[in-house]
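The structure appears below as structure tokens.
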Amino acid sequence: MARLTWPDYVPATPSGPGGRASRSAINRASSNHTERTMAFAAAGSLAPVVYGIDQVGPYWFKAGRLGRNLVIAAYWCVGEIGGVEAVTQRNGDPLPDGVQMTHYRGTLDQAVDPWLAAAIDGYADTLVDTWDGIPCALAYTVFLVPPGAEAALDCVATIRGRLVYDPRTDTTAWSPNPSLCMADFMASPLYGAGWAVDWPSIGVAADANDEILADGNPRRELNLTIKDQASIEDHLEALRTYAGAFIVRDGHQRALVPDRPAPVARAIDGDQLLDLKLRRRRAANAPTVVRVRYTDRTETPWKDAHAEAVLPEVEAGTLERRVSTVKLPGYNTHAQAYREAVERLNAATLLDLEGSARATDESLQDRRGDIVTITDELGLDAKAFRLTAVRPVAMGEWALEFAEYAESVYSDSVATGPGPGDTHLPHPSEVPGVDDLTATEEIYQLQNGDYASRLRATWAAADYPYRHHYEWQILDGDTLIWRDASPGTELTTPAVAELVTYTVRVRVVSELGYQSETWTETTLTAQGKYLAPGNVPQITARQVAADAIKVEWQEAADIDIYRYELRRGAPGVTWESAAVVDRIDGLQARIEGLALGDHDLLIRALDSVRQYSPDVTRTTVTVAPPTAPASLQGFEVGGQVRLSWPPGAGFVAAYELRYGAIHGDWASAHRLDRLTALRLVTDEVPAGWWRFYVRAIDAAGTFSDDQASLDIEVTLDSAAFLVDQHAYDAAQTTSMTSWRNRAAGGQRTYVTATAETPATLWPNAMATYTEPLATYHAPTTSEWVSDVWDLGYDLSGTWRATVDYGAIDGSATATLELSLDGQTWESVGGLVTKRRARYARIRITGDGTLFVRVPTVSARIDVVPRTETGRAMSSANGPTTIHLTGLYAAVRSITVTPEGAEPLNSVVDNIGLHGDLYLSRESGGFVLTEAGDRIQLDGAQYSFDVYLFDKDGNQVARPFMWEFKGV
């Protein structure tokens, strides 16, 4: 651990009015809140000292792995402290879930951290050591960081600072009292001055700080981190400003004297003084506005703010505005900062007389900070002064310095100053300093394509009416690295080194060569690769397959990009809720398996120390279904349907064809085929008017949202013939009754009924009922199911039903149902279909008043026969048997054509199955006359016998051609 070291202290001669510390000394020892909370590498860094409560950044010093978790440690400051009150992200948000911490307060007996010991072989450091014989310990925290919670490394700690000694109670405890904190700094040989302290005087000064004002708060409190490399003189000047006191040497000890209204300690006559000299401060140099910068803790994260005391003439516009800015970050309330601003402005306005003299032995009793009156022949008549310096210069002779004293300086109201001069313009030599100087580190790209970091500093334009420019310097410690001048209020440096603390200082230089009294400075430690990567400039995505997209993005600016983390989710999804796709070492990716719809893609850069870019870059991509063909063309000829269509758009893998009722839709239509071609020829569609549909389908099985359609009338194949037909008469009904119209012969009408009698349906004379009688039936859900038609064998062909039905009110539907076994039924979704079946029935349902008329309910089957042909020789004394290759249930026709010119007659006989039969009903579906569920069928063939006869009736042997058509 590096220690703070200080040169020998020489008490400063106050350069501010009324003996106050100068602005430049205070500012050199102060830094803003952002600088105090920056993260540093521990190597080569000073250990801060924290008083009161303040926020500090981490000093990382050790790291290791414990399983998948990162173990990393950071020290905060010199111990022993009151504790670590909180550790949050720099923006004030809590640390990510899962992060665990162990805090150590910097006690001399603190033990080795078990996480570090487990993660690092041989680790045994307790951060307790001895420097120059002085024991000391550092307060630190060990973090256990799970994967994905690396944001914990960009953190800041709220520290309850050092325990300080209070002589009033003889205890050592935490306190924000500025005088107690300053006494601790004065007494410490490790990080302070190492002085012997007059503790009773510390108690008096502490009481002055603890005075309760009208708002119920103490007059002065201190919450400060000392980390800047400045002289001990500057640090003590800043601390005594917080404490509102003078440092007085009393023998070998140092004491504090409160800078508060006090009674006159001694009256001095002129004959006691030698070489009295008086001087006045130049009114033109006096500020008319005092701005005190303090740390505002009313919001999270904390920030720098300022309180201003302004002369009334400035607000009225009758006096020029000359601003004196004092950095006092140890103040945390506007009230305390404002009181300081008021008192410094009052002192600058009211106290313009200073002096020095040599005095006789009577001054042995004088102490710095005492109030004395001086009466002299120069015209001083009991004029009150405060002693700002008392030093022995010779035997019996003392050197005194003093400044005008007025009790009204300590009022919280701004006193009236002198009147304005002849002009509002300042003297050209009065060049103001630079305000609002800030420095940041940024990533930029070199000419070779690599990235580096540089500093960018900005400041407010100087309130100076004459022509001027700005001179700036960049220092590494005390070494000047870069310097330049420019008329603007911004500078950028070349590439900077990682983890080096740079000082940026700027001053105003007039055209005549006058310059600001002091440099305005700020410091920044370059983070290099520890700087968070830049945001991804842009991300784009497009669909490249049915369920896949290609994502591309632009390179983020960073010194050492590790990966890009890509996430996805629904539109508007947050980074935390989005699903991780991958961490990619490249600038593009392919994502598959996406559902239809909009998807948000989110990306952040990730560097080698696992820091994310600050902001999420996102885009939205749509995974769309294919687009259906624009049209469907086709026609029918001889029972064959021929369809064609243009290609669909998008990622089409195939096309699905369906057909259904003219007034139906895609969902109710029958699937016809799925193919990759752009045309289809089929004879699988039954006769009737049908609406044909085509939709595109992608590789993921997703259909196009719409479809092209075409209505075509399909006729029976010219070769088809009626195999059988059936008229239905009997039926099973639900909530229906039947009426017979005698005038119509045997016609019977089934009507929805709810068990009414004729007397309840038609209670009046029948002549009063002018509507069809069925309309007077009450509506309800009803059903009519025909008896079963058994064809006798299963057959593949066009099944068609004819039904006379309707709905007097409500709606009604009729459908043909087919079965192979008479047990399991399948609805064809209409009244016509082409398929294999043996059994048929018709089901009609209604939800209002339904009627069905019989015997007009019927079904039929038409079949295109199969054809076999051959050549054979007839016999003169017996049949010639023709054996067919297939098995048939019915014969359409058999044609025998004898060869040659001789007129011959042919006779066909014995048509059917012959041989040993074994046929199960389940597999064959034929109606067999033999009893039992199973008969023999082995070796069976369908055959017929052929005979040829001449014109005289004699059986002859001749060659002939034959053709068989059957089903």
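Numbering starts fresh at 1 for the residues of each chain in the structure tokens, the chains themselves are lettered A, B, ... in the order given, and ligands are numbered from 1 as they appear.
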Task: Long-range neighbours of stretch 397-400 of chain A as a PyMOL selection string, 9 Å cut-off, only C-alpha atoms, 3 positions minimum in chain - done: chain A and resi 355-361+363-364+387-394
Open item on the list: List the spatial neighbours of A:Ala545 as a list in words - criterion: any atom at most 9 Å away, only C-alpha atoms, same-chain residues fewer than 4 positions off excluded.
Closed with: Ile549, Glu592, Val623, Gly650, Phe651, Asp698 and Ala699 of chain A
TODO: Would you please extract all strand (DSSP E) residues from stretch 491-611 of chain A, as assigned by DSSP on the backbone, and give them as a PyMOL selection string?
DONE: chain A and resi 491-495+501-510+520-525+539-545+548-553+561-569+579-584+588-591+597-607
TODO: Extract, using only C-alpha atoms, all DNA, RNA and protein residues at most 6 Å from A:Gln527, discarding same-chain residues fewer than 2 positions from it, and format them as a ChimeraX atom specification.
DONE: /A:498-499,530-531
Suppose we keep all heavy atoms; can you now write the selection as a short mmCIF file (atom, residue, chain, number, x, y, z; two decimals), in the first residue's frame?
data_model
loop_
_atom_site.label_atom_id
_atom_site.label_comp_id
_atom_site.auth_asym_id
_atom_site.auth_seq_id
_atom_site.Cartn_x
_atom_site.Cartn_y
_atom_site.Cartn_z
N GLU A 498 -2.84 3.58 -20.05
CA GLU A 498 -3.84 2.98 -19.16
C GLU A 498 -3.43 3.11 -17.70
O GLU A 498 -2.26 2.93 -17.34
CB GLU A 498 -3.98 1.51 -19.55
CG GLU A 498 -5.07 0.75 -18.83
CD GLU A 498 -5.15 -0.66 -19.38
OE1 GLU A 498 -5.61 -0.83 -20.52
OE2 GLU A 498 -4.71 -1.59 -18.67
N LEU A 499 -4.41 3.46 -16.84
CA LEU A 499 -4.24 3.55 -15.38
C LEU A 499 -3.20 4.58 -14.97
O LEU A 499 -2.57 4.44 -13.92
CB LEU A 499 -3.91 2.17 -14.80
CG LEU A 499 -4.96 1.07 -15.03
CD1 LEU A 499 -4.52 -0.23 -14.40
CD2 LEU A 499 -6.31 1.51 -14.50
N TYR A 530 -10.16 -0.78 -19.18
CA TYR A 530 -11.18 -0.84 -18.13
C TYR A 530 -12.33 0.12 -18.39
O TYR A 530 -13.30 0.13 -17.66
CB TYR A 530 -10.54 -0.52 -16.77
CG TYR A 530 -9.50 -1.54 -16.37
CD1 TYR A 530 -8.15 -1.29 -16.55
CD2 TYR A 530 -9.88 -2.77 -15.85
CE1 TYR A 530 -7.19 -2.23 -16.19
CE2 TYR A 530 -8.92 -3.71 -15.49
CZ TYR A 530 -7.58 -3.43 -15.66
OH TYR A 530 -6.65 -4.37 -15.31
N LEU A 531 -12.20 0.94 -19.43
CA LEU A 531 -13.31 1.81 -19.82
C LEU A 531 -14.38 0.98 -20.51
O LEU A 531 -14.09 0.10 -21.31
CB LEU A 531 -12.79 2.88 -20.78
CG LEU A 531 -13.64 4.13 -20.99
CD1 LEU A 531 -13.73 4.93 -19.71
CD2 LEU A 531 -13.04 4.98 -22.10
#
Open item on the list: For the structure I just gave you, how does DSSP split stretch 52-220 of chain A - specifically, which residues are helix (DSSP H, G or I)? Reply as a count of residues only.
Closed with: 31
TODO: Check the smallest atom-to-atom distance from each of A:Thr241, A:Ser188, A:Thr880, A:Thr897 to A:Val78 using only C-alpha atoms, then report the winner.
DONE: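 Smallest separation from A:Val78 among the options: A:Ser188.
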TODO: Go through A:Gly57, A:Leu70, A:Val264, A:Gly106 one by one, measure the shortest atom-to-atom distance of each to A:Val87 using only C-alpha atoms, and give the residue with the smallest value.
DONE: A:Gly57
Contacts of A:Pro176 at 10 Å (only C-alpha atoms; same-chain gap of 5+ positions) as a PDB file with all heavy atoms, in the first residue's frame:
ATOM      1  N   TYR A  51     -13.287  11.181   6.126  1.00  0.00           N
ATOM      2  CA  TYR A  51     -13.856  11.726   7.350  1.00  0.00           C
ATOM      3  C   TYR A  51     -15.354  11.935   7.136  1.00  0.00           C
ATOM      4  O   TYR A  51     -15.803  12.274   6.030  1.00  0.00           O
ATOM      5  CB  TYR A  51     -13.204  13.061   7.705  1.00  0.00           C
ATOM      6  CG  TYR A  51     -11.761  12.944   8.154  1.00  0.00           C
ATOM      7  CD1 TYR A  51     -10.743  13.505   7.409  1.00  0.00           C
ATOM      8  CD2 TYR A  51     -11.430  12.263   9.326  1.00  0.00           C
ATOM      9  CE1 TYR A  51      -9.413  13.406   7.807  1.00  0.00           C
ATOM     10  CE2 TYR A  51     -10.110  12.158   9.735  1.00  0.00           C
ATOM     11  CZ  TYR A  51      -9.107  12.733   8.976  1.00  0.00           C
ATOM     12  OH  TYR A  51      -7.803  12.609   9.385  1.00  0.00           O
ATOM     13  N   GLY A  52     -16.130  11.740   8.210  1.00  0.00           N
ATOM     14  CA  GLY A  52     -17.576  11.871   8.076  1.00  0.00           C
ATOM     15  C   GLY A  52     -18.118  10.741   7.211  1.00  0.00           C
ATOM     16  O   GLY A  52     -17.695   9.584   7.331  1.00  0.00           O
ATOM     17  N   ILE A  53     -19.037  11.064   6.315  1.00  0.00           N
ATOM     18  CA  ILE A  53     -19.614  10.087   5.379  1.00  0.00           C
ATOM     19  C   ILE A  53     -19.382  10.605   3.965  1.00  0.00           C
ATOM     20  O   ILE A  53     -19.772  11.724   3.629  1.00  0.00           O
ATOM     21  CB  ILE A  53     -21.117   9.881   5.632  1.00  0.00           C
ATOM     22  CG1 ILE A  53     -21.346   9.266   7.022  1.00  0.00           C
ATOM     23  CG2 ILE A  53     -21.733   8.992   4.568  1.00  0.00           C
ATOM     24  CD1 ILE A  53     -22.812   9.109   7.382  1.00  0.00           C
ATOM     25  N   ARG A 160     -18.696   5.294   6.069  1.00  0.00           N
ATOM     26  CA  ARG A 160     -18.717   6.022   7.348  1.00  0.00           C
ATOM     27  C   ARG A 160     -17.266   6.044   7.818  1.00  0.00           C
ATOM     28  O   ARG A 160     -16.702   5.012   8.173  1.00  0.00           O
ATOM     29  CB  ARG A 160     -19.626   5.318   8.345  1.00  0.00           C
ATOM     30  CG  ARG A 160     -19.722   5.999   9.703  1.00  0.00           C
ATOM     31  CD  ARG A 160     -20.743   5.288  10.595  1.00  0.00           C
ATOM     32  NE  ARG A 160     -22.097   5.586  10.168  1.00  0.00           N
ATOM     33  CZ  ARG A 160     -22.840   6.561  10.651  1.00  0.00           C
ATOM     34  NH1 ARG A 160     -22.363   7.359  11.593  1.00  0.00           N
ATOM     35  NH2 ARG A 160     -24.061   6.764  10.201  1.00  0.00           N
ATOM     36  N   GLY A 161     -16.659   7.239   7.768  1.00  0.00           N
ATOM     37  CA  GLY A 161     -15.209   7.363   7.793  1.00  0.00           C
ATOM     38  C   GLY A 161     -14.519   7.070   9.110  1.00  0.00           C
ATOM     39  O   GLY A 161     -15.047   6.371   9.995  1.00  0.00           O
ATOM     40  N   ARG A 162     -13.343   7.646   9.257  1.00  0.00           N
ATOM     41  CA  ARG A 162     -12.444   7.285  10.352  1.00  0.00           C
ATOM     42  C   ARG A 162     -13.047   7.587  11.726  1.00  0.00           C
ATOM     43  O   ARG A 162     -13.809   8.536  11.911  1.00  0.00           O
ATOM     44  CB  ARG A 162     -11.114   8.051  10.227  1.00  0.00           C
ATOM     45  CG  ARG A 162     -10.127   7.378   9.296  1.00  0.00           C
ATOM     46  CD  ARG A 162      -8.754   7.985   9.424  1.00  0.00           C
ATOM     47  NE  ARG A 162      -8.253   8.009  10.791  1.00  0.00           N
ATOM     48  CZ  ARG A 162      -7.743   6.956  11.438  1.00  0.00           C
ATOM     49  NH1 ARG A 162      -7.677   5.780  10.842  1.00  0.00           N
ATOM     50  NH2 ARG A 162      -7.300   7.075  12.678  1.00  0.00           N
ATOM     51  N   LEU A 163     -12.664   6.733  12.658  1.00  0.00           N
ATOM     52  CA  LEU A 163     -12.978   6.992  14.061  1.00  0.00           C
ATOM     53  C   LEU A 163     -11.982   8.023  14.563  1.00  0.00           C
ATOM     54  O   LEU A 163     -10.766   7.888  14.356  1.00  0.00           O
ATOM     55  CB  LEU A 163     -12.876   5.706  14.881  1.00  0.00           C
ATOM     56  CG  LEU A 163     -13.665   4.498  14.347  1.00  0.00           C
ATOM     57  CD1 LEU A 163     -13.551   3.330  15.318  1.00  0.00           C
ATOM     58  CD2 LEU A 163     -15.123   4.855  14.120  1.00  0.00           C
ATOM     59  N   VAL A 164     -12.473   9.078  15.204  1.00  0.00           N
ATOM     60  CA  VAL A 164     -11.606  10.185  15.653  1.00  0.00           C
ATOM     61  C   VAL A 164     -11.765  10.377  17.163  1.00  0.00           C
ATOM     62  O   VAL A 164     -12.804  10.058  17.764  1.00  0.00           O
ATOM     63  CB  VAL A 164     -11.952  11.482  14.896  1.00  0.00           C
ATOM     64  CG1 VAL A 164     -11.639  11.329  13.418  1.00  0.00           C
ATOM     65  CG2 VAL A 164     -13.420  11.855  15.067  1.00  0.00           C
ATOM     66  N   CYS A 181     -11.996  15.966  13.176  1.00  0.00           N
ATOM     67  CA  CYS A 181     -11.369  15.340  12.009  1.00  0.00           C
ATOM     68  C   CYS A 181     -10.043  16.009  11.683  1.00  0.00           C
ATOM     69  O   CYS A 181      -9.043  15.341  11.366  1.00  0.00           O
ATOM     70  CB  CYS A 181     -12.306  15.413  10.805  1.00  0.00           C
ATOM     71  SG  CYS A 181     -13.856  14.486  11.018  1.00  0.00           S
ATOM     72  N   ASN A 209     -18.151  24.282  16.329  1.00  0.00           N
ATOM     73  CA  ASN A 209     -18.727  23.599  15.168  1.00  0.00           C
ATOM     74  C   ASN A 209     -20.105  23.037  15.482  1.00  0.00           C
ATOM     75  O   ASN A 209     -20.986  23.007  14.614  1.00  0.00           O
ATOM     76  CB  ASN A 209     -17.831  22.464  14.713  1.00  0.00           C
ATOM     77  CG  ASN A 209     -16.474  22.923  14.208  1.00  0.00           C
ATOM     78  OD1 ASN A 209     -15.509  22.178  14.190  1.00  0.00           O
ATOM     79  ND2 ASN A 209     -16.358  24.195  13.816  1.00  0.00           N
ATOM     80  N   ASP A 210     -20.301  22.537  16.707  1.00  0.00           N
ATOM     81  CA  ASP A 210     -21.550  21.864  17.057  1.00  0.00           C
ATOM     82  C   ASP A 210     -22.680  22.813  17.424  1.00  0.00           C
ATOM     83  O   ASP A 210     -23.772  22.362  17.789  1.00  0.00           O
ATOM     84  CB  ASP A 210     -21.307  20.907  18.230  1.00  0.00           C
ATOM     85  CG  ASP A 210     -20.544  19.663  17.804  1.00  0.00           C
ATOM     86  OD1 ASP A 210     -20.492  19.394  16.593  1.00  0.00           O
ATOM     87  OD2 ASP A 210     -20.002  18.971  18.678  1.00  0.00           O
ATOM     88  N   ARG A 220     -21.340  23.536  11.564  1.00  0.00           N
ATOM     89  CA  ARG A 220     -20.378  22.985  10.615  1.00  0.00           C
ATOM     90  C   ARG A 220     -20.317  21.467  10.745  1.00  0.00           C
ATOM     91  O   ARG A 220     -20.308  20.946  11.856  1.00  0.00           O
ATOM     92  CB  ARG A 220     -18.972  23.563  10.828  1.00  0.00           C
ATOM     93  CG  ARG A 220     -18.858  25.044  10.505  1.00  0.00           C
ATOM     94  CD  ARG A 220     -17.444  25.549  10.742  1.00  0.00           C
ATOM     95  NE  ARG A 220     -17.336  26.972  10.427  1.00  0.00           N
ATOM     96  CZ  ARG A 220     -17.043  27.450   9.221  1.00  0.00           C
ATOM     97  NH1 ARG A 220     -16.841  26.596   8.221  1.00  0.00           N
ATOM     98  NH2 ARG A 220     -16.957  28.743   9.011  1.00  0.00           N
ATOM     99  N   GLU A 221     -20.308  20.770   9.595  1.00  0.00           N
ATOM    100  CA  GLU A 221     -20.058  19.332   9.532  1.00  0.00           C
ATOM    101  C   GLU A 221     -19.125  19.059   8.367  1.00  0.00           C
ATOM    102  O   GLU A 221     -19.083  19.815   7.396  1.00  0.00           O
ATOM    103  CB  GLU A 221     -21.355  18.545   9.356  1.00  0.00           C
ATOM    104  CG  GLU A 221     -22.194  18.443  10.609  1.00  0.00           C
ATOM    105  CD  GLU A 221     -23.374  17.489  10.448  1.00  0.00           C
ATOM    106  OE1 GLU A 221     -23.773  17.253   9.291  1.00  0.00           O
ATOM    107  OE2 GLU A 221     -23.877  16.982  11.450  1.00  0.00           O
ATOM    108  N   LEU A 222     -18.407  17.942   8.459  1.00  0.00           N
ATOM    109  CA  LEU A 222     -17.436  17.593   7.422  1.00  0.00           C
ATOM    110  C   LEU A 222     -17.680  16.168   6.938  1.00  0.00           C
ATOM    111  O   LEU A 222     -17.777  15.234   7.740  1.00  0.00           O
ATOM    112  CB  LEU A 222     -16.002  17.706   7.966  1.00  0.00           C
ATOM    113  CG  LEU A 222     -14.887  17.277   7.009  1.00  0.00           C
ATOM    114  CD1 LEU A 222     -14.838  18.201   5.802  1.00  0.00           C
ATOM    115  CD2 LEU A 222     -13.542  17.252   7.730  1.00  0.00           C
ATOM    116  N   ASN A 223     -17.782  16.002   5.624  1.00  0.00           N
ATOM    117  CA  ASN A 223     -17.874  14.685   4.984  1.00  0.00           C
ATOM    118  C   ASN A 223     -16.964  14.739   3.768  1.00  0.00           C
ATOM    119  O   ASN A 223     -17.354  15.207   2.702  1.00  0.00           O
ATOM    120  CB  ASN A 223     -19.316  14.375   4.580  1.00  0.00           C
ATOM    121  CG  ASN A 223     -20.251  14.323   5.784  1.00  0.00           C
ATOM    122  OD1 ASN A 223     -20.239  13.376   6.535  1.00  0.00           O
ATOM    123  ND2 ASN A 223     -21.054  15.373   5.942  1.00  0.00           N
ATOM    124  N   LEU A 224     -15.754  14.230   3.925  1.00  0.00           N
ATOM    125  CA  LEU A 224     -14.704  14.520   2.951  1.00  0.00           C
ATOM    126  C   LEU A 224     -13.798  13.313   2.762  1.00  0.00           C
ATOM    127  O   LEU A 224     -13.484  12.588   3.716  1.00  0.00           O
ATOM    128  CB  LEU A 224     -13.866  15.717   3.436  1.00  0.00           C
ATOM    129  CG  LEU A 224     -12.693  16.141   2.553  1.00  0.00           C
ATOM    130  CD1 LEU A 224     -13.204  16.729   1.239  1.00  0.00           C
ATOM    131  CD2 LEU A 224     -11.812  17.158   3.286  1.00  0.00           C
ATOM    132  N   GLY A 330     -16.407  18.879   0.951  1.00  0.00           N
ATOM    133  CA  GLY A 330     -16.740  18.310   2.257  1.00  0.00           C
ATOM    134  C   GLY A 330     -18.021  18.859   2.841  1.00  0.00           C
ATOM    135  O   GLY A 330     -18.522  18.339   3.846  1.00  0.00           O
TER     136      GLY A 330
END
Task: Near-A:Arg590 list (12 Å; only C-alpha atoms; drop same-chain fewer than 6 positions) as a ChimeraX atom specification - done: /A:540-545,547-552,566,581-582,584,601
How would the residues just picked look written out with C-alpha atoms as a PDB file, in the first residue's frame?
ATOM      1  CA  THR A 540     -30.050  -4.744 -38.772  1.00  0.00           C
ATOM      2  CA  ALA A 541     -31.851  -8.029 -39.386  1.00  0.00           C
ATOM      3  CA  ARG A 542     -33.704  -9.731 -42.230  1.00  0.00           C
ATOM      4  CA  GLN A 543     -35.525 -13.005 -42.742  1.00  0.00           C
ATOM      5  CA  VAL A 544     -33.473 -15.556 -44.717  1.00  0.00           C
ATOM      6  CA  ALA A 545     -35.529 -18.746 -44.254  1.00  0.00           C
ATOM      7  CA  ASP A 547     -37.986 -19.567 -39.388  1.00  0.00           C
ATOM      8  CA  ALA A 548     -34.532 -18.002 -39.597  1.00  0.00           C
ATOM      9  CA  ILE A 549     -33.073 -14.499 -39.720  1.00  0.00           C
ATOM     10  CA  LYS A 550     -29.654 -13.049 -40.389  1.00  0.00           C
ATOM     11  CA  VAL A 551     -28.479 -10.333 -37.998  1.00  0.00           C
ATOM     12  CA  GLU A 552     -25.671  -7.885 -38.737  1.00  0.00           C
ATOM     13  CA  LEU A 566     -27.071 -10.828 -28.712  1.00  0.00           C
ATOM     14  CA  VAL A 581     -28.941 -15.917 -28.166  1.00  0.00           C
ATOM     15  CA  ASP A 582     -25.146 -16.084 -28.037  1.00  0.00           C
ATOM     16  CA  ILE A 584     -20.423 -13.734 -30.815  1.00  0.00           C
ATOM     17  CA  LEU A 601     -33.094  -8.044 -31.248  1.00  0.00           C
TER      18      LEU A 601
END
- [ ] Would you mind telling me which residue in A:Ser510, A:Gln732, A:Ser453, A:Gln538 lies nearest to A:Asp615 when using only C-alpha atoms?
- [x]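 Smallest distance to A:Asp615 is found for A:Gln538.
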TODO: For A:Gly433, list every protein, DNA or RNA residue within 9 Å, evaluated using only C-alpha atoms, and leave out those in the same chain fewer than 2 positions away; present the list as a list in words.
DONE: Ser324, Val431, Asp435, Ala462, Asp463, Val506, Arg507, Val508, Gln515, Ser516, Glu517, Thr518, Trp519 and Thr520 of chain A
Write the selection just made, keeping N, CA, C and O atoms, as a CSV table (one decimal), in the first residue's frame?
chain,number,residue,atom,x,y,z
A,324,SER,N,-15.7,34.5,-7.7
A,324,SER,CA,-14.6,33.7,-7.0
A,324,SER,C,-15.2,32.3,-6.6
A,324,SER,O,-16.2,32.3,-5.9
A,431,VAL,N,-7.5,39.0,-15.2
A,431,VAL,CA,-7.9,37.9,-16.1
A,431,VAL,C,-8.6,36.8,-15.2
A,431,VAL,O,-7.9,36.3,-14.2
A,435,ASP,N,-13.9,28.3,-15.4
A,435,ASP,CA,-14.9,27.6,-14.6
A,435,ASP,C,-15.4,26.3,-15.3
A,435,ASP,O,-15.3,26.2,-16.5
A,462,ALA,N,-14.8,32.0,-20.7
A,462,ALA,CA,-14.4,32.9,-19.6
A,462,ALA,C,-15.3,34.2,-19.7
A,462,ALA,O,-15.5,34.7,-20.9
A,463,ASP,N,-15.7,34.8,-18.6
A,463,ASP,CA,-16.4,36.0,-18.6
A,463,ASP,C,-15.4,37.2,-18.6
A,463,ASP,O,-15.1,37.8,-17.6
A,506,VAL,N,-6.0,24.5,-17.2
A,506,VAL,CA,-6.3,25.4,-18.2
A,506,VAL,C,-6.3,26.8,-17.6
A,506,VAL,O,-6.7,27.0,-16.4
A,507,ARG,N,-5.9,27.8,-18.3
A,507,ARG,CA,-6.0,29.2,-17.8
A,507,ARG,C,-6.2,30.1,-19.0
A,507,ARG,O,-6.1,29.7,-20.2
A,508,VAL,N,-6.7,31.3,-18.7
A,508,VAL,CA,-7.0,32.3,-19.7
A,508,VAL,C,-5.8,33.2,-19.9
A,508,VAL,O,-5.2,33.6,-19.0
A,515,GLN,N,-2.6,36.8,-17.8
A,515,GLN,CA,-3.1,35.5,-17.7
A,515,GLN,C,-3.8,35.3,-16.3
A,515,GLN,O,-3.6,36.1,-15.4
A,516,SER,N,-4.6,34.2,-16.2
A,516,SER,CA,-5.3,33.9,-15.0
A,516,SER,C,-4.3,33.8,-13.8
A,516,SER,O,-3.1,33.3,-14.0
A,517,GLU,N,-4.7,34.2,-12.6
A,517,GLU,CA,-3.8,34.1,-11.5
A,517,GLU,C,-3.4,32.7,-11.2
A,517,GLU,O,-2.2,32.5,-10.9
A,518,THR,N,-4.3,31.8,-11.4
A,518,THR,CA,-3.9,30.4,-11.1
A,518,THR,C,-4.5,29.5,-12.2
A,518,THR,O,-5.4,29.9,-13.0
A,519,TRP,N,-3.9,28.3,-12.4
A,519,TRP,CA,-4.5,27.3,-13.3
A,519,TRP,C,-5.7,26.7,-12.7
A,519,TRP,O,-5.8,26.5,-11.5
A,520,THR,N,-6.7,26.5,-13.5
A,520,THR,CA,-7.9,25.6,-13.1
A,520,THR,C,-7.5,24.2,-13.5
A,520,THR,O,-7.2,23.9,-14.6
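Counting only C-alpha atoms, the residue from A:Thr325, A:Gln229, A:Thr169, A:Ser738 that sits nearest to A:Tyr191 is A:Gln229.
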- [ ] Show which residues sit within 12 Å of A:Gln100, as a ChimeraX atom specification. Count only C-alpha atoms, and ignore same-chain residues fewer than 2 positions away.
- [x] /A:69-73,87,95-98,102-103,115,141-146,149,152
Task: Selected residue of minimal separation from A:Thr622 among A:Ala595, A:Asn332, A:Val852, A:Val785, counting only C-alpha atoms - done: A:Ala595
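In this structure, atom CA of A:Leu319 sits 24.0 Å away from atom CA of A:Val509.
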TODO: State, in Å with one decimal place, the distance from atom CA of A:Lys227 to atom CA of A:Tyr140.
DONE: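 Answer for the atom CA of A:Lys227 to atom CA of A:Tyr140 separation: 16.0 Å.
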Task: Atomic distance atom CA of A:Thr815 - atom CA of A:Trp789, expressed in Å with one decimal - done: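 Taking atom CA of A:Thr815 as the start and atom CA of A:Trp789 as the end point, the length is 14.6 Å.
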